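Peer 1: File follows, final12.tsv with TSV, C-alpha atoms:
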```tsv
chain	number	residue	atom	x	y	z
A	1	MET	CA	0.00	0.00	0.00
A	2	LYS	CA	2.82	2.36	0.90
A	3	ARG	CA	4.53	1.58	-2.42
A	4	ILE	CA	1.34	2.43	-4.34
A	5	ALA	CA	1.08	5.76	-2.47
A	6	VAL	CA	4.68	6.58	-3.36
A	7	LEU	CA	4.08	5.74	-7.01
A	8	VAL	CA	0.92	7.87	-7.10
A	9	PHE	CA	2.80	10.79	-5.51
A	10	ALA	CA	5.64	10.45	-8.02
A	11	TRP	CA	3.20	10.33	-10.94
A	12	CYS	CA	1.41	13.46	-9.73
A	13	PHE	CA	4.72	15.28	-9.28
A	14	LEU	CA	5.92	14.37	-12.76
A	15	THR	CA	2.68	15.27	-14.50
A	16	ALA	CA	2.52	18.59	-12.65
A	17	ALA	CA	6.13	19.53	-13.38
A	18	PRO	CA	6.55	22.08	-16.18
A	19	ALA	CA	8.11	21.02	-19.45
A	20	VAL	CA	11.79	21.80	-19.89
A	21	SER	CA	12.09	25.15	-21.70
A	22	GLU	CA	14.24	25.68	-24.77
A	23	GLU	CA	17.42	27.67	-24.13
A	24	LEU	CA	18.50	30.36	-26.57
A	25	ASP	CA	20.21	33.75	-26.77
A	26	LEU	CA	17.32	36.21	-26.58
A	27	GLU	CA	13.60	36.47	-25.86
A	28	LEU	CA	12.37	39.52	-27.78
A	29	VAL	CA	8.90	41.11	-27.67
A	30	LEU	CA	8.30	43.59	-30.50
A	31	LEU	CA	5.55	45.99	-29.36
A	32	ALA	CA	4.33	47.95	-32.40
A	33	ASP	CA	2.16	51.08	-32.15
A	34	ALA	CA	-1.42	50.52	-33.40
A	35	THR	CA	-3.10	53.49	-31.72
A	36	GLY	CA	-5.44	56.03	-33.30
A	37	SER	CA	-2.63	58.00	-34.95
A	38	ILE	CA	-1.68	54.93	-37.00
A	39	ASP	CA	-3.96	54.17	-39.95
A	40	ASP	CA	-4.28	50.80	-41.68
A	41	ALA	CA	-1.75	51.72	-44.36
A	42	GLU	CA	0.76	52.60	-41.65
A	43	ILE	CA	0.11	49.29	-39.88
A	44	GLN	CA	1.13	47.47	-43.07
A	45	PHE	CA	4.06	49.84	-43.57
A	46	GLN	CA	5.37	49.03	-40.08
A	47	ARG	CA	4.90	45.28	-40.57
A	48	GLN	CA	6.68	45.42	-43.92
A	49	GLY	CA	9.59	47.25	-42.29
A	50	TYR	CA	9.95	44.56	-39.64
A	51	ALA	CA	9.52	41.77	-42.21
A	52	GLU	CA	12.34	43.23	-44.31
A	53	ALA	CA	14.54	43.76	-41.26
A	54	ILE	CA	14.15	40.31	-39.68
A	55	THR	CA	15.13	38.63	-42.96
A	56	ASP	CA	18.05	40.95	-43.70
A	57	PRO	CA	21.47	39.21	-43.84
A	58	SER	CA	22.88	41.67	-41.30
A	59	VAL	CA	20.21	40.75	-38.73
A	60	LEU	CA	20.71	37.04	-39.42
A	61	SER	CA	24.44	37.61	-38.93
A	62	ALA	CA	23.73	39.18	-35.53
A	63	ILE	CA	21.69	36.11	-34.55
A	64	ALA	CA	24.46	33.76	-35.69
A	65	SER	CA	27.10	35.72	-33.75
A	66	ASN	CA	25.69	34.62	-30.38
A	67	ALA	CA	26.27	31.54	-28.23
A	68	TYR	CA	23.24	29.52	-29.34
A	69	GLY	CA	22.75	31.15	-32.72
A	70	LYS	CA	19.00	31.45	-32.22
A	71	ILE	CA	16.48	33.86	-30.72
A	72	VAL	CA	12.73	33.76	-30.12
A	73	VAL	CA	10.51	36.66	-31.19
A	74	THR	CA	6.86	37.67	-30.95
A	75	TYR	CA	5.22	40.67	-32.67
A	76	VAL	CA	2.43	42.46	-30.81
A	77	GLU	CA	0.38	45.48	-31.88
A	78	TRP	CA	-0.77	47.60	-28.95
A	79	ALA	CA	-3.32	50.38	-28.47
A	80	ASP	CA	-5.51	50.96	-25.38
A	81	MET	CA	-5.33	49.07	-22.09
A	82	PHE	CA	-7.65	46.32	-23.36
A	83	SER	CA	-6.16	46.02	-26.84
A	84	GLN	CA	-2.84	44.20	-27.32
A	85	ASP	CA	-2.95	41.81	-30.26
A	86	VAL	CA	-0.35	39.07	-30.74
A	87	VAL	CA	0.07	39.22	-34.51
A	88	VAL	CA	2.78	36.53	-34.61
A	89	ASP	CA	3.26	34.26	-31.60
A	90	TRP	CA	6.65	33.20	-30.24
A	91	THR	CA	8.81	31.98	-33.12
A	92	VAL	CA	12.36	30.66	-32.92
A	93	ILE	CA	14.57	32.29	-35.56
A	94	ASP	CA	17.81	30.46	-36.25
A	95	GLY	CA	18.42	31.22	-39.91
A	96	LYS	CA	16.98	32.40	-43.22
A	97	ALA	CA	14.10	29.91	-43.47
A	98	SER	CA	12.65	30.59	-40.02
A	99	ALA	CA	13.08	34.36	-40.51
A	100	GLU	CA	11.22	34.23	-43.81
A	101	ASP	CA	8.44	32.20	-42.21
A	102	PHE	CA	8.08	34.79	-39.44
A	103	ALA	CA	8.03	37.62	-42.01
A	104	ALA	CA	5.36	35.92	-44.14
A	105	ARG	CA	3.08	35.34	-41.14
A	106	LEU	CA	3.58	38.93	-40.00
A	107	LEU	CA	2.06	40.34	-43.20
A	108	GLU	CA	-1.07	38.18	-43.27
A	109	PRO	CA	-3.41	38.95	-40.31
A	110	PRO	CA	-5.84	41.88	-40.29
A	111	ARG	CA	-5.44	44.71	-37.84
A	112	ARG	CA	-7.07	43.88	-34.50
A	113	ALA	CA	-5.71	46.51	-32.07
A	114	PHE	CA	-7.47	49.86	-31.63
A	115	GLY	CA	-7.72	52.72	-29.13
A	116	ARG	CA	-5.78	55.49	-27.44
A	117	ASN	CA	-2.25	55.09	-26.12
A	118	ALA	CA	-1.72	52.77	-23.15
A	119	ILE	CA	2.05	52.28	-23.10
A	120	GLY	CA	2.02	51.04	-19.50
A	121	ALA	CA	-0.42	48.25	-20.35
A	122	ALA	CA	1.61	47.36	-23.44
A	123	LEU	CA	4.81	47.00	-21.41
A	124	LEU	CA	3.08	44.76	-18.88
A	125	LYS	CA	1.67	42.65	-21.73
A	126	GLY	CA	5.23	42.19	-22.99
A	127	LYS	CA	6.35	41.04	-19.55
A	128	GLU	CA	3.44	38.60	-19.33
A	129	LEU	CA	4.37	37.08	-22.70
A	130	ILE	CA	7.97	36.60	-21.56
A	131	ASP	CA	6.99	35.19	-18.17
A	132	THR	CA	4.62	32.60	-19.66
A	133	ASN	CA	6.50	31.39	-22.74
A	134	ALA	CA	8.34	28.08	-23.12
A	135	TYR	CA	11.83	29.55	-23.59
A	136	THR	CA	14.80	30.54	-21.46
A	137	GLY	CA	16.85	33.31	-23.03
A	138	LEU	CA	20.22	34.54	-21.85
A	139	ARG	CA	18.68	37.97	-22.28
A	140	ARG	CA	15.07	39.23	-22.26
A	141	VAL	CA	14.05	42.39	-24.10
A	142	ILE	CA	10.85	44.33	-24.76
A	143	ASP	CA	11.11	46.65	-27.75
A	144	LEU	CA	8.40	49.33	-27.87
A	145	SER	CA	7.74	51.53	-30.91
A	146	ALA	CA	5.52	54.60	-30.71
A	147	ASP	CA	4.97	57.98	-32.35
A	148	SER	CA	4.19	59.63	-29.00
A	149	ALA	CA	4.88	59.06	-25.31
A	150	ASN	CA	1.29	59.54	-24.14
A	151	ASN	CA	-0.51	57.19	-21.76
A	152	TRP	CA	-4.26	57.87	-21.66
A	153	ASN	CA	-5.52	54.80	-19.80
A	154	GLY	CA	-4.38	51.79	-17.79
A	155	PRO	CA	-1.28	51.53	-15.58
A	156	THR	CA	1.14	54.42	-15.68
A	157	ILE	CA	4.32	54.12	-17.72
A	158	HIS	CA	6.38	54.61	-14.56
A	159	GLU	CA	4.63	51.77	-12.72
A	160	ALA	CA	4.94	49.43	-15.69
A	161	ARG	CA	8.57	50.28	-16.37
A	162	GLU	CA	9.52	49.66	-12.74
A	163	THR	CA	7.75	46.30	-12.78
A	164	VAL	CA	9.37	45.22	-16.04
A	165	VAL	CA	12.91	46.40	-15.33
A	166	SER	CA	12.94	45.07	-11.76
A	167	SER	CA	12.23	41.61	-13.18
A	168	GLY	CA	15.41	41.74	-15.26
A	169	ILE	CA	13.82	42.62	-18.60
A	170	VAL	CA	15.35	45.44	-20.68
A	171	ILE	CA	13.08	47.95	-22.45
A	172	ASN	CA	14.36	49.50	-25.69
A	173	GLY	CA	12.53	52.01	-27.85
A	174	LEU	CA	11.88	53.00	-31.45
A	175	ALA	CA	10.71	56.61	-31.74
A	176	VAL	CA	8.64	56.70	-34.94
A	177	LEU	CA	8.60	59.96	-36.88
A	178	CYS	CA	7.78	58.61	-40.35
A	179	ARG	CA	5.75	60.64	-42.83
A	180	HIS	CA	2.63	58.47	-42.58
A	181	CYS	CA	2.44	58.87	-38.81
A	182	SER	CA	1.26	61.80	-36.71
A	183	GLY	CA	4.84	63.10	-36.73
A	184	ARG	CA	7.05	64.69	-34.08
A	185	PRO	CA	4.96	65.89	-31.10
A	186	VAL	CA	4.99	69.67	-31.02
A	187	ALA	CA	4.94	69.92	-27.22
A	188	TYR	CA	7.97	67.79	-26.41
A	189	ASP	CA	11.04	65.99	-27.73
A	190	LEU	CA	9.92	62.42	-28.43
A	191	GLU	CA	13.38	60.85	-28.16
A	192	GLU	CA	14.01	62.61	-24.85
A	193	ARG	CA	10.69	61.37	-23.47
A	194	PHE	CA	11.63	57.84	-24.50
A	195	HIS	CA	14.91	58.19	-22.62
A	196	GLN	CA	13.30	59.71	-19.53
A	197	ASP	CA	10.05	57.78	-19.24
A	198	ILE	CA	10.02	54.55	-21.25
A	199	ILE	CA	13.30	52.69	-21.76
A	200	GLY	CA	15.12	51.00	-18.88
A	201	GLY	CA	17.57	48.31	-17.88
A	202	PRO	CA	21.25	47.73	-18.67
A	203	ALA	CA	22.37	49.29	-21.98
A	204	ALA	CA	18.79	50.31	-22.90
A	205	PHE	CA	18.65	52.55	-25.97
A	206	VAL	CA	16.40	54.49	-28.36
A	207	VAL	CA	16.59	54.45	-32.16
A	208	THR	CA	14.72	57.06	-34.22
A	209	ALA	CA	12.88	56.43	-37.49
A	210	ASP	CA	12.60	59.96	-38.87
A	211	SER	CA	11.16	59.27	-42.33
A	212	ALA	CA	9.43	56.58	-44.34
A	213	ALA	CA	12.62	56.02	-46.33
A	214	THR	CA	14.68	55.31	-43.19
A	215	PHE	CA	12.12	53.25	-41.25
A	216	ALA	CA	13.33	49.80	-42.35
A	217	ASP	CA	16.96	50.83	-41.79
A	218	ALA	CA	16.13	52.07	-38.29
A	219	VAL	CA	14.40	48.78	-37.48
A	220	ARG	CA	17.40	46.83	-38.80
A	221	LYS	CA	19.81	48.88	-36.70
A	222	LYS	CA	17.67	48.42	-33.61
A	223	LEU	CA	17.41	44.66	-34.09
A	224	ILE	CA	21.17	44.29	-34.61
A	225	LEU	CA	21.92	46.29	-31.47
A	226	GLU	CA	19.61	44.24	-29.28
A	227	ILE	CA	20.27	40.82	-30.84
A	228	ALA	CA	24.09	40.86	-30.83
A	229	ALA	CA	25.22	40.02	-27.31
A	230	ARG	CA	28.58	41.76	-27.67
A	231	GLN	CA	28.86	45.43	-28.64
A	232	GLU	CA	31.89	44.74	-30.83
A	233	ASP	CA	29.88	42.24	-32.88
A	234	ALA	CA	27.05	44.74	-33.32
A	235	ASP	CA	29.50	47.45	-34.36
A	236	LYS	CA	31.12	45.22	-37.00
A	237	ILE	CA	27.76	44.16	-38.42
A	238	LEU	CA	26.49	47.74	-38.53
A	239	GLN	CA	29.69	48.86	-40.25
A	240	ARG	CA	29.33	46.17	-42.94
A	241	PHE	CA	25.68	47.12	-43.37
A	242	ALA	CA	26.55	50.81	-43.81
A	243	GLN	CA	29.23	49.99	-46.38
A	244	ALA	CA	26.75	47.91	-48.38
A	245	GLN	CA	24.31	50.81	-48.69
```
Could you spell out this file's structure in structure tokens?

Peer 2:
Amino acid sequence: MKRIAVLVFAWCFLTAAPAVSEELDLELVLLADATGSIDDAEIQFQRQGYAEAITDPSVLSAIASNAYGKIVVTYVEWADMFSQDVVVDWTVIDGKASAEDFAARLLEPPRRAFGRNAIGAALLKGKELIDTNAYTGLRRVIDLSADSANNWNGPTIHEARETVVSSGIVINGLAVLCRHCSGRPVAYDLEERFHQDIIGGPAAFVVTADSAATFADAVRKKLILEIAARQEDADKILQRFAQAQ
């Protein structure tokens, strides 16, 4: 009887134990602005920019430069506190084929996120996605793009940033000033607000997309900087990319 009890206990323990997670270099949440200032054409423009960037040889080189040679990425469009849509779920990218698959799936779904800016809620959604996925990255990053630093509903940006950064997740930013967007806010410096209020964690940074023509390049630069684990690797890749232009 005692032996049966032990076996039952062991079975319960094993079935309740979580599956072993896959180890890789980076867990990356791409939080893309889908608020009221972004129309449907701009949604597709942003997705196309990320699709081109994630399949670019320089970005693939950054992935290959790391210890495992693979990252996991999810693309989320955010708007108000109740509207964060996972456009492409967690996908391991370890080369050209998986990057192209991610890019193709990114361009397909309709827009499903709407509402006024809730950056705090978006950041907490990114943390939730990292906390509940089936991967263990050497680094964890949330990358938020926006054409303003407003927060009209939901948790404050300060509260969300503190929660995210204190858990060991880095927040980087893409300040979007492309021609199809609402443009540079007249009341404040968008990049400065990103630095002061949004980004956080070791080596957090902001990249600016200041025109439609430079959007894809800005996304590529941002991805290289956050994917390459060593700064010297990122610098070499960026230098080769600049020379190829």

Peer 1: Excluding segment 200-207 of chain A and any residue of its chain fewer than 3 positions from it, enumerate the residues within 9 Å of it, using all atoms listed in the file, and give them as a short mmCIF file (atom, residue, chain, number, x, y, z; two decimals) with C-alpha atoms, keeping the file's coordinate frame.

Peer 2:
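result05.cif written:
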```cif
data_model
loop_
_atom_site.label_atom_id
_atom_site.label_comp_id
_atom_site.auth_asym_id
_atom_site.auth_seq_id
_atom_site.Cartn_x
_atom_site.Cartn_y
_atom_site.Cartn_z
CA ARG A 161 8.57 50.28 -16.37
CA GLU A 162 9.52 49.66 -12.74
CA VAL A 164 9.37 45.22 -16.04
CA VAL A 165 12.91 46.40 -15.33
CA SER A 166 12.94 45.07 -11.76
CA GLY A 168 15.41 41.74 -15.26
CA ILE A 169 13.82 42.62 -18.60
CA VAL A 170 15.35 45.44 -20.68
CA ILE A 171 13.08 47.95 -22.45
CA ASN A 172 14.36 49.50 -25.69
CA GLY A 173 12.53 52.01 -27.85
CA LEU A 174 11.88 53.00 -31.45
CA ALA A 175 10.71 56.61 -31.74
CA VAL A 176 8.64 56.70 -34.94
CA GLU A 191 13.38 60.85 -28.16
CA PHE A 194 11.63 57.84 -24.50
CA HIS A 195 14.91 58.19 -22.62
CA GLN A 196 13.30 59.71 -19.53
CA ASP A 197 10.05 57.78 -19.24
CA ALA A 218 16.13 52.07 -38.29
CA VAL A 219 14.40 48.78 -37.48
CA LYS A 221 19.81 48.88 -36.70
CA LYS A 222 17.67 48.42 -33.61
CA LEU A 225 21.92 46.29 -31.47
CA GLU A 226 19.61 44.24 -29.28
#
```

Peer 1: Suppose you want the space between atom CA of Pro109 of chain A and atom CA of Thr91 of chain A; what is it in Å?

Peer 2: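 Interatomic distance here is 15.8 Å.
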
Peer 1: What's around segment 33-40 of chain A at 12 Å? Count only C-alpha atoms, leave out sequence neighbours fewer than 6 positions away in its own chain, and write the answer as a compact mmCIF listing (two decimals) with C-alpha atoms, in the coordinates of the input.

Peer 2:
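Generated file (out.txt):
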```txt
# COMPACT_ATOMS: atom_id res chain seq x y z
CA GLN A 46 5.37 49.03 -40.08
CA ARG A 47 4.90 45.28 -40.57
CA TYR A 75 5.22 40.67 -32.67
CA VAL A 76 2.43 42.46 -30.81
CA GLU A 77 0.38 45.48 -31.88
CA TRP A 78 -0.77 47.60 -28.95
CA ALA A 79 -3.32 50.38 -28.47
CA ASP A 80 -5.51 50.96 -25.38
CA MET A 81 -5.33 49.07 -22.09
CA PHE A 82 -7.65 46.32 -23.36
CA SER A 83 -6.16 46.02 -26.84
CA GLN A 84 -2.84 44.20 -27.32
CA ASP A 85 -2.95 41.81 -30.26
CA VAL A 86 -0.35 39.07 -30.74
CA VAL A 87 0.07 39.22 -34.51
CA PRO A 109 -3.41 38.95 -40.31
CA PRO A 110 -5.84 41.88 -40.29
CA ARG A 111 -5.44 44.71 -37.84
CA ARG A 112 -7.07 43.88 -34.50
CA ALA A 113 -5.71 46.51 -32.07
CA PHE A 114 -7.47 49.86 -31.63
CA GLY A 115 -7.72 52.72 -29.13
CA ARG A 116 -5.78 55.49 -27.44
CA ASN A 117 -2.25 55.09 -26.12
CA ALA A 118 -1.72 52.77 -23.15
CA ILE A 119 2.05 52.28 -23.10
CA ALA A 122 1.61 47.36 -23.44
CA LEU A 123 4.81 47.00 -21.41
CA ASP A 143 11.11 46.65 -27.75
CA LEU A 144 8.40 49.33 -27.87
CA SER A 145 7.74 51.53 -30.91
CA ALA A 146 5.52 54.60 -30.71
CA ASP A 147 4.97 57.98 -32.35
CA SER A 148 4.19 59.63 -29.00
CA ALA A 149 4.88 59.06 -25.31
CA ASN A 150 1.29 59.54 -24.14
CA ASN A 151 -0.51 57.19 -21.76
CA TRP A 152 -4.26 57.87 -21.66
CA GLY A 173 12.53 52.01 -27.85
CA LEU A 174 11.88 53.00 -31.45
CA ALA A 175 10.71 56.61 -31.74
CA VAL A 176 8.64 56.70 -34.94
CA LEU A 177 8.60 59.96 -36.88
CA CYS A 178 7.78 58.61 -40.35
CA ARG A 179 5.75 60.64 -42.83
CA HIS A 180 2.63 58.47 -42.58
CA CYS A 181 2.44 58.87 -38.81
CA SER A 182 1.26 61.80 -36.71
CA GLY A 183 4.84 63.10 -36.73
CA ARG A 184 7.05 64.69 -34.08
CA PRO A 185 4.96 65.89 -31.10
```

Peer 1: Applying 6 Å and all atoms listed in the file, which residues near segment 101-106 of chain A remain after dropping the ones on its own chain fewer than 2 positions away? List them as a CSV table (one decimal) with C-alpha atoms, in the coordinates of the input.

Peer 2:
```csv
chain,number,residue,atom,x,y,z
A,51,ALA,CA,9.5,41.8,-42.2
A,88,VAL,CA,2.8,36.5,-34.6
A,98,SER,CA,12.6,30.6,-40.0
A,99,ALA,CA,13.1,34.4,-40.5
A,108,GLU,CA,-1.1,38.2,-43.3
```

Peer 1: Just checking: using only C-alpha atoms, which residue out of A:Gln231, A:Lys125, A:Arg193, A:Leu26 ends up closest to Gly154 of chain A?

Peer 2: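 Ranked by minimum distance to Gly154 of chain A, first place goes to A:Lys125.
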
Peer 1: With 6 Å of padding per side, what axis-aligned box (centre and edge lengths, Å, one decimal) covers all the listed atoms of segment 113-118 of chain A? Give it as lines of an AutoDock Vina configuration file.

Peer 2:
```
center_x = -4.7
center_y = 51.0
center_z = -27.6
size_x = 18.0
size_y = 21.0
size_z = 20.9
```

Peer 1: Quick one: distance from atom CA of Val92 of chain A to atom CA of Lys70 of chain A in Å, one decimal?

Peer 2: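 Going from atom CA of Val92 of chain A over to atom CA of Lys70 of chain A covers 6.7 Å.
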
Peer 1: With only C-alpha atoms as the basis for distance, which of A:Ser211, A:Gln243, A:Gln48, A:Thr74 is at the shortest distance from Leu31 of chain A?

Peer 2: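 Of A:Ser211, A:Gln243, A:Gln48, A:Thr74, the one nearest Leu31 of chain A, counting only C-alpha atoms, is A:Thr74.
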
Peer 1: Atom CA of Ile142 of chain A and atom CA of Ala242 of chain A are how many Å apart?

Peer 2: 25.5 Å

Peer 1: Can you pull out every residue within 6 Å of segment 55-68 of chain A, counting only C-alpha atoms, but drop anything in the same chain fewer than 4 positions away, and send it as a list in words?

Peer 2: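 Everything that qualifies: Leu24, Asp25, Ala99, Glu100, Ile224 and Ala228 of chain A.
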
Peer 1: Can you work out which one of A:Thr132, A:Ile54, A:Leu138, A:Val73 has the shortest atom-to-atom distance to Lys96 of chain A, counting all atoms listed in the file?

Peer 2: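 Selected residue with least distance to Lys96 of chain A: A:Ile54.
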
Peer 1: Go through A:Ala212, A:Ala53, A:Ile93, A:Leu223 and flag the residue nearest Gly69 of chain A, using all atoms listed in the file for the distances.

Peer 2: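 Checking each of A:Ala212, A:Ala53, A:Ile93, A:Leu223 against Gly69 of chain A, counting all atoms listed in the file, the winner is A:Ile93.
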
Peer 1: Would you fill out segment 130-140 of chain A with all heavy atoms and return it as a compact mmCIF listing (two decimals), in the frame of the given file?

Peer 2:
```txt
# COMPACT_ATOMS: atom_id res chain seq x y z
N ILE A 130 6.66 37.18 -21.89
CA ILE A 130 7.97 36.60 -21.56
C ILE A 130 7.86 35.63 -20.39
O ILE A 130 8.43 34.54 -20.41
CB ILE A 130 8.99 37.72 -21.25
CG1 ILE A 130 9.36 38.47 -22.54
CG2 ILE A 130 10.25 37.16 -20.59
CD1 ILE A 130 10.27 39.66 -22.34
N ASP A 131 7.11 36.02 -19.37
CA ASP A 131 6.99 35.19 -18.17
C ASP A 131 6.30 33.86 -18.45
O ASP A 131 6.55 32.87 -17.73
CB ASP A 131 6.20 35.93 -17.09
CG ASP A 131 6.97 37.08 -16.48
OD1 ASP A 131 8.21 37.12 -16.64
OD2 ASP A 131 6.34 37.95 -15.85
N THR A 132 5.43 33.79 -19.45
CA THR A 132 4.62 32.60 -19.66
C THR A 132 5.03 31.79 -20.89
O THR A 132 4.35 30.81 -21.23
CB THR A 132 3.13 32.98 -19.80
OG1 THR A 132 2.98 33.91 -20.90
CG2 THR A 132 2.63 33.64 -18.53
N ASN A 133 6.12 32.16 -21.55
CA ASN A 133 6.50 31.39 -22.74
C ASN A 133 7.28 30.13 -22.36
O ASN A 133 7.54 29.87 -21.18
CB ASN A 133 7.28 32.26 -23.74
CG ASN A 133 8.67 32.65 -23.26
OD1 ASN A 133 9.26 31.99 -22.42
ND2 ASN A 133 9.19 33.74 -23.79
N ALA A 134 7.66 29.36 -23.36
CA ALA A 134 8.34 28.08 -23.12
C ALA A 134 9.83 28.15 -23.43
O ALA A 134 10.43 27.16 -23.85
CB ALA A 134 7.68 26.99 -23.97
N TYR A 135 10.43 29.34 -23.22
CA TYR A 135 11.83 29.55 -23.59
C TYR A 135 12.60 30.16 -22.43
O TYR A 135 12.03 30.86 -21.58
CB TYR A 135 11.92 30.45 -24.82
CG TYR A 135 11.14 29.91 -25.98
CD1 TYR A 135 9.82 30.31 -26.20
CD2 TYR A 135 11.69 28.98 -26.85
CE1 TYR A 135 9.08 29.79 -27.26
CE2 TYR A 135 10.97 28.46 -27.91
CZ TYR A 135 9.66 28.87 -28.10
OH TYR A 135 8.93 28.35 -29.14
N THR A 136 13.90 29.93 -22.43
CA THR A 136 14.80 30.54 -21.46
C THR A 136 15.92 31.23 -22.23
O THR A 136 16.82 30.58 -22.75
CB THR A 136 15.40 29.49 -20.50
OG1 THR A 136 14.34 28.84 -19.80
CG2 THR A 136 16.33 30.16 -19.50
N GLY A 137 15.84 32.55 -22.31
CA GLY A 137 16.85 33.31 -23.03
C GLY A 137 17.93 33.82 -22.11
O GLY A 137 17.67 34.12 -20.93
N LEU A 138 19.14 33.92 -22.63
CA LEU A 138 20.22 34.54 -21.85
C LEU A 138 19.90 36.00 -21.57
O LEU A 138 20.34 36.57 -20.57
CB LEU A 138 21.54 34.42 -22.62
CG LEU A 138 22.05 33.01 -22.89
CD1 LEU A 138 23.36 33.06 -23.68
CD2 LEU A 138 22.24 32.24 -21.59
N ARG A 139 19.13 36.60 -22.47
CA ARG A 139 18.68 37.97 -22.28
C ARG A 139 17.20 38.05 -22.63
O ARG A 139 16.69 37.26 -23.42
CB ARG A 139 19.47 38.94 -23.18
CG ARG A 139 20.93 39.08 -22.76
CD ARG A 139 21.72 39.90 -23.77
NE ARG A 139 21.84 39.23 -25.05
CZ ARG A 139 21.49 39.74 -26.21
NH1 ARG A 139 20.96 40.95 -26.28
NH2 ARG A 139 21.64 39.06 -27.33
N ARG A 140 16.50 39.03 -22.01
CA ARG A 140 15.07 39.23 -22.26
C ARG A 140 14.85 40.72 -22.53
O ARG A 140 15.25 41.57 -21.74
CB ARG A 140 14.25 38.77 -21.05
CG ARG A 140 14.43 37.28 -20.73
CD ARG A 140 13.62 36.89 -19.52
NE ARG A 140 14.08 37.57 -18.32
CZ ARG A 140 13.37 37.68 -17.19
NH1 ARG A 140 12.15 37.17 -17.13
NH2 ARG A 140 13.87 38.30 -16.14
```
